[in-house]
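Take a look at the structure set out below.
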Amino acid sequence: MVSLLGIVLVVGATLCFSVFDLLRKKLTGRLSDTFLVMVLALGAVPLYGVWLAAQPPASVSAAYLWPGLASVACNLGANYGFLRSVRLSGLSAVIPLLSLTPVFTALLAIPLLGELPGFRDWLGIAMVVGGALALQLGERGPGVKRPWALGAGAWWMILVAFLWASALPLDKLAIEASNAAFHGLVMHLGVGLSVAVLAFRGLRQAPASVRHVRDRPRARTWAPLLTAVVLGAAAQGLQLLALQHAWVGFVETVKRGIGSSLALVLGRVFFAEPLTLRKVLTVAVIAAGVAVMLW
């Protein structure tokens with residue numbers, strides 16, 4: 001049984017992630033993927049540092065090492081894949097594919113955490129994933145040559161879904177061997193430094209990204225970028241806390257179900273993406289799936 005606190009934390013994380021995704025899509029047209037991932041990750045490090053310092057010292061065991069490092073690797077790949085996907089496809093077309101993560105997460109959690117979903121949980125997961133796929137299939141856009149085919153942006157987002165699904169059980173194991181603030185700090189620092197090393201190896205690209213930012217008015221680039229840093233840190237922090245009060249499949253299913261519905265609205269409002277009857281009906285199925293799990 002999931003506690004009320006667990007539900008509140010998941011919903012809070014979902015709202016933050018939804019606006020965070022919107023800002024990341026807007027920023028992909030202004031910044032390179034390398035620079036954006038690096039700033040979003042390293043920018044959150046001071047926030048997690050304050051959180052870590054504001055509580056008793058973390059008791060970190062040796063069991064933290066492998067899930068902590070594996071989570072960094074998964075998040076690094078997922079961040080790159082996400083930015084590549086939203087460059088190629090509409091927000092409302094690819095974000096719902098992240099609803100595939102509950103299946104991946106629930107399956108991975110069985111051997112890693114011993115968390116076995118019940119019949120109602122699998123029913124809710126199936127409804128969310130089925131609705132997400134129906135929302136994507138048949139979508140016309142860049143990279144889609146025929147109806148009911150997946151474009152390049154969709155395939156990138158499916159890879160992202162698998163990587164983030166893999167990261168969640170690893171995050172829970174890492175938190176059990178430390179605490180949420182410590183793992184959040186390590187995760188963002190690990191991703192940020194890894195990207196910085198990659199940027200250093202291609203030194204010509206990194207300064208070009210910085211100059212590209214300076215060519216923009218501060219209000220058009222730095223304001224949304226700093227907002228994205230704060231929202232991204234808050235979203236990840238709330239999710240890490242939610243893992244302490246709910247099983248990982250529940251966290252992913254509720255987050256992706258609500259997130260898919262919000263992506264439809266945000267894509268329409270901010271990017272003029274078409275709102276069709278098919279999209280509305282499939283989002284209703286997704287919402288029903290979430291309700292089944294919450295009931």
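Identifiers in the structure tokens: chain A, B, ... in order shown; residue index from 1 per chain; ligand index from 1 in order shown.
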Find the spatial neighbours of Ser59 (chain A), counting only C-alpha atoms, within a cut-off of 9 Å - ignore same-chain residues fewer than 5 positions away - and output them as a PDB file with N, CA and C atoms, in the first residue's frame.
ATOM      1  N   ALA A 177      21.586   2.722   0.519  1.00  0.00           N
ATOM      2  CA  ALA A 177      22.973   2.643   0.983  1.00  0.00           C
ATOM      3  C   ALA A 177      23.531   4.009   1.350  1.00  0.00           C
ATOM      4  N   SER A 178      22.707   5.077   1.249  1.00  0.00           N
ATOM      5  CA  SER A 178      23.153   6.435   1.612  1.00  0.00           C
ATOM      6  C   SER A 178      21.925   7.232   2.049  1.00  0.00           C
ATOM      7  N   ASN A 179      21.590   8.287   1.326  1.00  0.00           N
ATOM      8  CA  ASN A 179      20.311   8.987   1.482  1.00  0.00           C
ATOM      9  C   ASN A 179      20.021   9.755   0.198  1.00  0.00           C
TER      10      ASN A 179
END
Applying 8 Å and only C-alpha atoms, which residues near Leu262 (chain A) remain after dropping the ones on its own chain fewer than 4 positions away? List them as a list in words.
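Once the adjacent positions are removed, what remains is Ser18, Ile258 and Leu266 of chain A.
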Output N, CA and C atoms of each residue in that selection to a file, as an mmCIF file, in the first residue's frame.
data_model
loop_
_atom_site.group_PDB
_atom_site.id
_atom_site.type_symbol
_atom_site.label_atom_id
_atom_site.label_comp_id
_atom_site.auth_asym_id
_atom_site.auth_seq_id
_atom_site.Cartn_x
_atom_site.Cartn_y
_atom_site.Cartn_z
ATOM 1 N N SER A 18 7.305 18.040 -15.751
ATOM 2 C CA SER A 18 6.571 18.477 -16.934
ATOM 3 C C SER A 18 7.024 19.862 -17.388
ATOM 4 N N ILE A 258 0.498 11.021 -15.597
ATOM 5 C CA ILE A 258 0.166 12.438 -15.463
ATOM 6 C C ILE A 258 0.996 13.268 -16.434
ATOM 7 N N LEU A 266 0.681 21.172 -22.747
ATOM 8 C CA LEU A 266 1.808 22.086 -22.916
ATOM 9 C C LEU A 266 2.249 22.169 -24.376
#
So that I can see what lies close to Thr105 (chain A), please list as a PyMOL selection string the residues with an atom at most 10 Å from it, counting only C-alpha atoms and leaving out residues fewer than 3 positions away in the same chain. chain A and resi 100-102+108-110+161-169+248-253
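Comparing the minimum interatomic distances between Lys279 (chain A) and each of A:Gly29, A:Gly184, A:Gly131, A:Gly68, counting only C-alpha atoms, we find that A:Gly131 sits nearest.
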The residue from A:Val129, A:Val195, A:Ile286, A:Val8 with the smallest atom-to-atom distance to Leu243 (chain A), counting only C-alpha atoms, is A:Val8
